[in-house]
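Okay, data07.cif now, which holds mmCIF, N, CA and C atoms:
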```
data_input
#
loop_
_atom_site.group_PDB
_atom_site.id
_atom_site.type_symbol
_atom_site.label_atom_id
_atom_site.label_comp_id
_atom_site.auth_asym_id
_atom_site.auth_seq_id
_atom_site.Cartn_x
_atom_site.Cartn_y
_atom_site.Cartn_z
ATOM 1 N N MET G 1 -82.733 45.614 -75.474
ATOM 2 C CA MET G 1 -83.048 47.024 -75.639
ATOM 3 C C MET G 1 -83.972 47.462 -74.504
ATOM 4 N N GLU G 2 -83.619 48.526 -73.848
ATOM 5 C CA GLU G 2 -84.406 49.036 -72.743
ATOM 6 C C GLU G 2 -85.629 49.797 -73.264
ATOM 7 N N ALA G 3 -86.745 49.585 -72.610
ATOM 8 C CA ALA G 3 -87.963 50.311 -72.965
ATOM 9 C C ALA G 3 -87.869 51.734 -72.418
ATOM 10 N N LEU G 4 -88.429 52.666 -73.141
ATOM 11 C CA LEU G 4 -88.458 54.043 -72.676
ATOM 12 C C LEU G 4 -89.516 54.191 -71.589
ATOM 13 N N VAL G 5 -89.184 54.921 -70.539
ATOM 14 C CA VAL G 5 -90.118 55.153 -69.452
ATOM 15 C C VAL G 5 -90.731 56.530 -69.664
ATOM 16 N N TRP G 6 -92.032 56.551 -69.809
ATOM 17 C CA TRP G 6 -92.717 57.804 -70.093
ATOM 18 C C TRP G 6 -93.360 58.419 -68.861
ATOM 19 N N GLU G 7 -93.298 57.712 -67.744
ATOM 20 C CA GLU G 7 -93.881 58.244 -66.526
ATOM 21 C C GLU G 7 -93.009 57.850 -65.346
ATOM 22 N N THR G 8 -93.124 58.612 -64.297
ATOM 23 C CA THR G 8 -92.355 58.303 -63.092
ATOM 24 C C THR G 8 -93.076 57.221 -62.289
ATOM 25 N N ALA G 9 -92.381 56.654 -61.322
ATOM 26 C CA ALA G 9 -92.998 55.668 -60.428
ATOM 27 C C ALA G 9 -94.176 56.304 -59.694
ATOM 28 N N GLU G 10 -94.013 57.546 -59.295
ATOM 29 C CA GLU G 10 -95.085 58.245 -58.593
ATOM 30 C C GLU G 10 -96.313 58.418 -59.475
ATOM 31 N N GLU G 11 -96.091 58.738 -60.737
ATOM 32 C CA GLU G 11 -97.214 58.886 -61.671
ATOM 33 C C GLU G 11 -97.921 57.555 -61.905
ATOM 34 N N LEU G 12 -97.150 56.502 -62.023
ATOM 35 C CA LEU G 12 -97.731 55.173 -62.202
ATOM 36 C C LEU G 12 -98.561 54.789 -60.975
ATOM 37 N N ASN G 13 -98.033 55.045 -59.783
ATOM 38 C CA ASN G 13 -98.782 54.769 -58.553
ATOM 39 C C ASN G 13 -100.075 55.563 -58.500
ATOM 40 N N GLN G 14 -100.008 56.824 -58.905
ATOM 41 C CA GLN G 14 -101.195 57.672 -58.880
ATOM 42 C C GLN G 14 -102.257 57.147 -59.845
ATOM 43 N N LYS G 15 -101.844 56.659 -60.996
ATOM 44 C CA LYS G 15 -102.805 56.086 -61.952
ATOM 45 C C LYS G 15 -103.453 54.829 -61.387
ATOM 46 N N LEU G 16 -102.668 54.010 -60.715
ATOM 47 C CA LEU G 16 -103.206 52.817 -60.071
ATOM 48 C C LEU G 16 -104.210 53.207 -58.992
ATOM 49 N N ALA G 17 -103.866 54.186 -58.187
ATOM 50 C CA ALA G 17 -104.764 54.657 -57.134
ATOM 51 C C ALA G 17 -106.070 55.173 -57.729
ATOM 52 N N GLN G 18 -105.983 55.872 -58.849
ATOM 53 C CA GLN G 18 -107.185 56.396 -59.508
ATOM 54 C C GLN G 18 -108.073 55.251 -59.997
ATOM 55 N N ARG G 19 -107.461 54.196 -60.521
ATOM 56 C CA ARG G 19 -108.242 53.039 -60.973
ATOM 57 C C ARG G 19 -108.967 52.384 -59.806
ATOM 58 N N VAL G 20 -108.251 52.209 -58.695
ATOM 59 C CA VAL G 20 -108.867 51.609 -57.512
ATOM 60 C C VAL G 20 -109.991 52.505 -56.996
ATOM 61 N N ARG G 21 -109.756 53.798 -56.974
ATOM 62 C CA ARG G 21 -110.787 54.753 -56.538
ATOM 63 C C ARG G 21 -112.025 54.651 -57.421
ATOM 64 N N ASN G 22 -111.821 54.567 -58.730
ATOM 65 C CA ASN G 22 -112.955 54.450 -59.656
ATOM 66 C C ASN G 22 -113.755 53.172 -59.402
ATOM 67 N N ILE G 23 -113.067 52.079 -59.139
ATOM 68 C CA ILE G 23 -113.760 50.814 -58.838
ATOM 69 C C ILE G 23 -114.538 50.945 -57.532
ATOM 70 N N ARG G 24 -113.904 51.545 -56.529
ATOM 71 C CA ARG G 24 -114.582 51.753 -55.239
ATOM 72 C C ARG G 24 -115.853 52.563 -55.428
ATOM 73 N N LYS G 25 -115.767 53.656 -56.178
ATOM 74 C CA LYS G 25 -116.929 54.514 -56.402
ATOM 75 C C LYS G 25 -117.992 53.816 -57.246
ATOM 76 N N ARG G 26 -117.558 53.060 -58.245
ATOM 77 C CA ARG G 26 -118.486 52.330 -59.103
ATOM 78 C C ARG G 26 -119.319 51.349 -58.274
ATOM 79 N N ARG G 27 -118.711 50.833 -57.218
ATOM 80 C CA ARG G 27 -119.396 49.879 -56.345
ATOM 81 C C ARG G 27 -120.089 50.564 -55.164
ATOM 82 N N SER G 28 -120.112 51.889 -55.185
ATOM 83 C CA SER G 28 -120.772 52.690 -54.145
ATOM 84 C C SER G 28 -120.249 52.369 -52.745
ATOM 85 N N ILE G 29 -118.924 52.296 -52.635
ATOM 86 C CA ILE G 29 -118.287 52.040 -51.349
ATOM 87 C C ILE G 29 -117.541 53.303 -50.940
ATOM 88 N N SER G 30 -117.815 53.780 -49.757
ATOM 89 C CA SER G 30 -117.115 54.970 -49.263
ATOM 90 C C SER G 30 -115.700 54.591 -48.838
ATOM 91 N N GLN G 31 -114.850 55.586 -48.704
ATOM 92 C CA GLN G 31 -113.498 55.335 -48.204
ATOM 93 C C GLN G 31 -113.548 54.733 -46.804
ATOM 94 N N LYS G 32 -114.445 55.222 -45.985
ATOM 95 C CA LYS G 32 -114.599 54.722 -44.621
ATOM 96 C C LYS G 32 -115.005 53.251 -44.647
ATOM 97 N N ARG G 33 -115.947 52.914 -45.502
ATOM 98 C CA ARG G 33 -116.410 51.518 -45.598
ATOM 99 C C ARG G 33 -115.288 50.624 -46.133
ATOM 100 N N LEU G 34 -114.549 51.101 -47.124
ATOM 101 C CA LEU G 34 -113.430 50.316 -47.653
ATOM 102 C C LEU G 34 -112.399 50.072 -46.558
ATOM 103 N N SER G 35 -112.175 51.059 -45.730
ATOM 104 C CA SER G 35 -111.262 50.915 -44.610
ATOM 105 C C SER G 35 -111.731 49.790 -43.690
ATOM 106 N N GLU G 36 -113.005 49.785 -43.384
ATOM 107 C CA GLU G 36 -113.569 48.753 -42.514
ATOM 108 C C GLU G 36 -113.494 47.368 -43.174
ATOM 109 N N MET G 37 -113.796 47.304 -44.459
ATOM 110 C CA MET G 37 -113.807 46.026 -45.184
ATOM 111 C C MET G 37 -112.411 45.424 -45.300
ATOM 112 N N SER G 38 -111.417 46.288 -45.461
ATOM 113 C CA SER G 38 -110.057 45.823 -45.756
ATOM 114 C C SER G 38 -109.163 45.717 -44.526
ATOM 115 N N GLY G 39 -109.525 46.431 -43.462
ATOM 116 C CA GLY G 39 -108.652 46.479 -42.298
ATOM 117 C C GLY G 39 -107.504 47.464 -42.470
ATOM 118 N N VAL G 40 -107.561 48.255 -43.522
ATOM 119 C CA VAL G 40 -106.564 49.304 -43.773
ATOM 120 C C VAL G 40 -107.118 50.595 -43.168
ATOM 121 N N SER G 41 -106.287 51.330 -42.481
ATOM 122 C CA SER G 41 -106.774 52.540 -41.816
ATOM 123 C C SER G 41 -107.392 53.512 -42.823
ATOM 124 N N TYR G 42 -108.359 54.256 -42.335
ATOM 125 C CA TYR G 42 -109.027 55.258 -43.162
ATOM 126 C C TYR G 42 -108.016 56.253 -43.723
ATOM 127 N N GLY G 43 -107.067 56.667 -42.886
ATOM 128 C CA GLY G 43 -106.035 57.610 -43.330
ATOM 129 C C GLY G 43 -105.199 57.037 -44.470
ATOM 130 N N SER G 44 -104.895 55.752 -44.408
ATOM 131 C CA SER G 44 -104.114 55.117 -45.474
ATOM 132 C C SER G 44 -104.908 55.037 -46.770
ATOM 133 N N VAL G 45 -106.203 54.744 -46.659
ATOM 134 C CA VAL G 45 -107.057 54.708 -47.857
ATOM 135 C C VAL G 45 -107.096 56.091 -48.495
ATOM 136 N N LYS G 46 -107.316 57.117 -47.669
ATOM 137 C CA LYS G 46 -107.355 58.499 -48.186
ATOM 138 C C LYS G 46 -106.022 58.886 -48.821
ATOM 139 N N ARG G 47 -104.922 58.584 -48.136
ATOM 140 C CA ARG G 47 -103.597 58.936 -48.659
ATOM 141 C C ARG G 47 -103.331 58.221 -49.978
ATOM 142 N N PHE G 48 -103.694 56.953 -50.056
ATOM 143 C CA PHE G 48 -103.501 56.203 -51.291
ATOM 144 C C PHE G 48 -104.245 56.847 -52.442
ATOM 145 N N GLU G 49 -105.500 57.160 -52.234
ATOM 146 C CA GLU G 49 -106.285 57.744 -53.326
ATOM 147 C C GLU G 49 -105.809 59.140 -53.698
ATOM 148 N N THR G 50 -105.204 59.840 -52.764
ATOM 149 C CA THR G 50 -104.725 61.200 -53.024
ATOM 150 C C THR G 50 -103.328 61.221 -53.625
ATOM 151 N N THR G 51 -102.446 60.377 -53.085
ATOM 152 C CA THR G 51 -101.031 60.458 -53.481
ATOM 153 C C THR G 51 -100.509 59.229 -54.217
ATOM 154 N N GLY G 52 -101.224 58.113 -54.106
ATOM 155 C CA GLY G 52 -100.738 56.862 -54.691
ATOM 156 C C GLY G 52 -99.807 56.105 -53.768
ATOM 157 N N GLN G 53 -99.569 56.621 -52.575
ATOM 158 C CA GLN G 53 -98.645 55.981 -51.636
ATOM 159 C C GLN G 53 -99.385 55.012 -50.724
ATOM 160 N N ILE G 54 -98.877 53.754 -50.691
ATOM 161 C CA ILE G 54 -99.484 52.726 -49.848
ATOM 162 C C ILE G 54 -98.508 51.568 -49.750
ATOM 163 N N SER G 55 -98.592 50.817 -48.679
ATOM 164 C CA SER G 55 -97.744 49.629 -48.581
ATOM 165 C C SER G 55 -98.332 48.532 -49.468
ATOM 166 N N LEU G 56 -97.484 47.606 -49.848
ATOM 167 C CA LEU G 56 -97.946 46.489 -50.677
ATOM 168 C C LEU G 56 -98.995 45.674 -49.930
ATOM 169 N N LEU G 57 -98.783 45.443 -48.640
ATOM 170 C CA LEU G 57 -99.746 44.685 -47.846
ATOM 171 C C LEU G 57 -101.102 45.376 -47.818
ATOM 172 N N SER G 58 -101.106 46.685 -47.631
ATOM 173 C CA SER G 58 -102.370 47.426 -47.606
ATOM 174 C C SER G 58 -103.050 47.403 -48.977
ATOM 175 N N LEU G 59 -102.274 47.515 -50.035
ATOM 176 C CA LEU G 59 -102.849 47.442 -51.375
ATOM 177 C C LEU G 59 -103.485 46.078 -51.610
ATOM 178 N N THR G 60 -102.809 45.030 -51.161
ATOM 179 C CA THR G 60 -103.356 43.681 -51.304
ATOM 180 C C THR G 60 -104.652 43.543 -50.520
ATOM 181 N N ARG G 61 -104.696 44.085 -49.323
ATOM 182 C CA ARG G 61 -105.921 44.027 -48.508
ATOM 183 C C ARG G 61 -107.066 44.771 -49.180
ATOM 184 N N ILE G 62 -106.774 45.916 -49.760
ATOM 185 C CA ILE G 62 -107.804 46.679 -50.473
ATOM 186 C C ILE G 62 -108.282 45.891 -51.688
ATOM 187 N N ALA G 63 -107.355 45.316 -52.430
ATOM 188 C CA ALA G 63 -107.724 44.515 -53.606
ATOM 189 C C ALA G 63 -108.621 43.351 -53.197
ATOM 190 N N MET G 64 -108.288 42.693 -52.106
ATOM 191 C CA MET G 64 -109.109 41.569 -51.634
ATOM 192 C C MET G 64 -110.503 42.050 -51.221
ATOM 193 N N ALA G 65 -110.569 43.184 -50.542
ATOM 194 C CA ALA G 65 -111.858 43.729 -50.110
ATOM 195 C C ALA G 65 -112.733 44.100 -51.307
ATOM 196 N N LEU G 66 -112.100 44.522 -52.394
ATOM 197 C CA LEU G 66 -112.842 44.904 -53.604
ATOM 198 C C LEU G 66 -113.012 43.727 -54.565
ATOM 199 N N ASP G 67 -112.690 42.525 -54.089
ATOM 200 C CA ASP G 67 -112.799 41.308 -54.888
ATOM 201 C C ASP G 67 -111.930 41.385 -56.145
ATOM 202 N N MET G 68 -110.705 41.880 -55.960
ATOM 203 C CA MET G 68 -109.753 41.993 -57.062
ATOM 204 C C MET G 68 -108.461 41.246 -56.753
ATOM 205 N N ALA G 69 -108.545 40.237 -55.895
ATOM 206 C CA ALA G 69 -107.355 39.474 -55.523
ATOM 207 C C ALA G 69 -106.731 38.787 -56.736
ATOM 208 N N GLU G 70 -107.554 38.344 -57.658
ATOM 209 C CA GLU G 70 -107.026 37.655 -58.842
ATOM 210 C C GLU G 70 -106.121 38.580 -59.660
ATOM 211 N N GLU G 71 -106.477 39.842 -59.725
ATOM 212 C CA GLU G 71 -105.642 40.808 -60.437
ATOM 213 C C GLU G 71 -104.288 40.946 -59.757
ATOM 214 N N MET G 72 -104.278 40.915 -58.430
ATOM 215 C CA MET G 72 -103.004 40.977 -57.700
ATOM 216 C C MET G 72 -102.194 39.707 -57.945
ATOM 217 N N ARG G 73 -102.868 38.556 -57.935
ATOM 218 C CA ARG G 73 -102.175 37.285 -58.181
ATOM 219 C C ARG G 73 -101.527 37.261 -59.563
ATOM 220 N N ASN G 74 -102.130 37.936 -60.508
ATOM 221 C CA ASN G 74 -101.653 37.882 -61.891
ATOM 222 C C ASN G 74 -100.581 38.911 -62.230
ATOM 223 N N LEU G 75 -100.223 39.770 -61.273
ATOM 224 C CA LEU G 75 -99.151 40.730 -61.536
ATOM 225 C C LEU G 75 -97.862 39.981 -61.836
ATOM 226 N N PHE G 76 -97.177 40.397 -62.844
ATOM 227 C CA PHE G 76 -95.855 39.867 -63.199
ATOM 228 C C PHE G 76 -95.859 38.369 -63.523
ATOM 229 N N THR G 77 -96.968 37.839 -64.018
ATOM 230 C CA THR G 77 -97.010 36.404 -64.283
ATOM 231 C C THR G 77 -96.652 36.043 -65.721
ATOM 232 N N ASN G 78 -97.121 36.766 -66.667
ATOM 233 C CA ASN G 78 -96.879 36.431 -68.070
ATOM 234 C C ASN G 78 -96.005 37.486 -68.743
ATOM 235 N N ILE G 79 -94.839 37.671 -68.204
ATOM 236 C CA ILE G 79 -93.918 38.671 -68.730
ATOM 237 C C ILE G 79 -93.051 38.012 -69.798
ATOM 238 N N PRO G 80 -93.082 38.525 -71.015
ATOM 239 C CA PRO G 80 -92.269 37.912 -72.075
ATOM 240 C C PRO G 80 -90.777 38.131 -71.828
ATOM 241 N N TYR G 81 -89.995 37.203 -72.315
ATOM 242 C CA TYR G 81 -88.543 37.343 -72.231
ATOM 243 C C TYR G 81 -88.105 38.476 -73.141
ATOM 244 N N ARG G 82 -87.139 39.255 -72.676
ATOM 245 C CA ARG G 82 -86.609 40.353 -73.496
ATOM 246 C C ARG G 82 -85.490 39.877 -74.411
ATOM 247 N N ASN G 83 -84.813 38.801 -74.000
ATOM 248 C CA ASN G 83 -83.713 38.288 -74.808
ATOM 249 C C ASN G 83 -83.385 36.861 -74.358
ATOM 250 N N ILE G 84 -82.518 36.189 -75.082
ATOM 251 C CA ILE G 84 -82.160 34.812 -74.785
ATOM 252 C C ILE G 84 -81.436 34.690 -73.451
ATOM 253 N N GLU G 85 -80.723 35.724 -73.061
ATOM 254 C CA GLU G 85 -80.012 35.702 -71.781
ATOM 255 C C GLU G 85 -80.985 35.522 -70.609
ATOM 256 N N GLU G 86 -82.151 36.140 -70.688
ATOM 257 C CA GLU G 86 -83.153 35.976 -69.635
ATOM 258 C C GLU G 86 -83.633 34.529 -69.560
ATOM 259 N N VAL G 87 -83.795 33.896 -70.686
ATOM 260 C CA VAL G 87 -84.207 32.487 -70.713
ATOM 261 C C VAL G 87 -83.150 31.637 -70.027
ATOM 262 N N ILE G 88 -81.910 31.855 -70.379
ATOM 263 C CA ILE G 88 -80.798 31.106 -69.789
ATOM 264 C C ILE G 88 -80.711 31.346 -68.287
ATOM 265 N N ASN G 89 -80.811 32.605 -67.877
ATOM 266 C CA ASN G 89 -80.728 32.947 -66.453
ATOM 267 C C ASN G 89 -81.856 32.316 -65.651
ATOM 268 N N GLU G 90 -83.032 32.259 -66.225
ATOM 269 C CA GLU G 90 -84.160 31.652 -65.518
ATOM 270 C C GLU G 90 -83.951 30.159 -65.319
ATOM 271 N N ARG G 91 -83.396 29.507 -66.296
ATOM 272 C CA ARG G 91 -83.154 28.065 -66.209
ATOM 273 C C ARG G 91 -82.050 27.736 -65.217
ATOM 274 N N LYS G 92 -81.144 28.680 -65.005
ATOM 275 C CA LYS G 92 -80.073 28.484 -64.015
ATOM 276 C C LYS G 92 -80.649 28.497 -62.606
ATOM 277 N N GLY G 93 -81.770 29.178 -62.477
ATOM 278 C CA GLY G 93 -82.449 29.210 -61.182
ATOM 279 C C GLY G 93 -81.943 30.235 -60.280
#
```
File written out as structure tokens:
Amino acid sequence: MEALVWETAEELNQKLAQRVRNIRKRRSISQKRLSEMSGVSYGSVKRFETTGQISLLSLTRIAMALDMAEEMRNLFTNIPYRNIEEVINERKG
């Protein structure tokens, strides 16, 4: 059974960007400083926080700069099987 999607990919990205922005602000780090810490351009940091658009590599660099690499490592790790077919397909490799 397919799960209902209540938000668009863009909305989900924007929520993620807002969470990262909140963490950055909570740690009193400016966008400019985060850019310097992560090696991601200032424009990319600003665009990410405004629109949610960023490359995966840049997001990973920002996560590492904010000491959130473990959260990135844990993405998609403990996903439950939706049905027996998924179990079988995984074992097939």
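Between atom CA of G:Asn74 and atom CA of G:Trp6 there is a distance of 23.3 Å.
Interatomic distance, atom N of G:Lys46 against atom N of G:Gln31: 7.8 Å.
Minimum atom-to-atom distances from G:Leu34, G:Ala9, G:Ala65, G:Met72 to G:Gln53 were compared using only C-alpha atoms, and the lowest value belongs to G:Ala9.
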Could you state the separation of atom CA of G:Gly39 and atom CA of G:Arg61 in Å, given to one decimal place?
-> 7.2 Å
Take the PyMOL selection byres (((chain G and resi 67 and name CA) around 12) and name CA), apply it to the structure above, and return the hits as a ChimeraX atom specification.
-> /G:20,23-24,27,34,37-38,60-66,68-73
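In the backbone-derived DSSP annotation, alpha helix (DSSP H) within stretch 4-42 of chain G comprises G:Ala9, G:Glu10, G:Glu11, G:Leu12, G:Asn13, G:Gln14, G:Lys15, G:Leu16, G:Ala17, G:Gln18, G:Arg19, G:Val20, G:Arg21, G:Asn22, G:Ile23, G:Arg24, G:Lys25, G:Arg26, G:Gln31, G:Lys32, G:Arg33, G:Leu34, G:Ser35, G:Glu36, G:Met37, G:Ser38, G:Tyr42.
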Report the residues retrieved by the PyMOL selection byres (((chain G and resi 16 and name CA) around 12) and name CA) from the displayed file, expressed as number ranges by chain.
-> G: 9-15, 17-23, 48-54, 59, 63
Give, as JSON, the centre coordinates and the x, y and z edge lengths in Å to one decimal for an axis-aligned box around all listed atoms of stretch 69-73 of chain G, padded by 3 Å on each side.
```
{"center_x": -105.0, "center_y": 39.1, "center_z": -58.0, "size_x": 13.0, "size_y": 9.7, "size_z": 10.9}
```
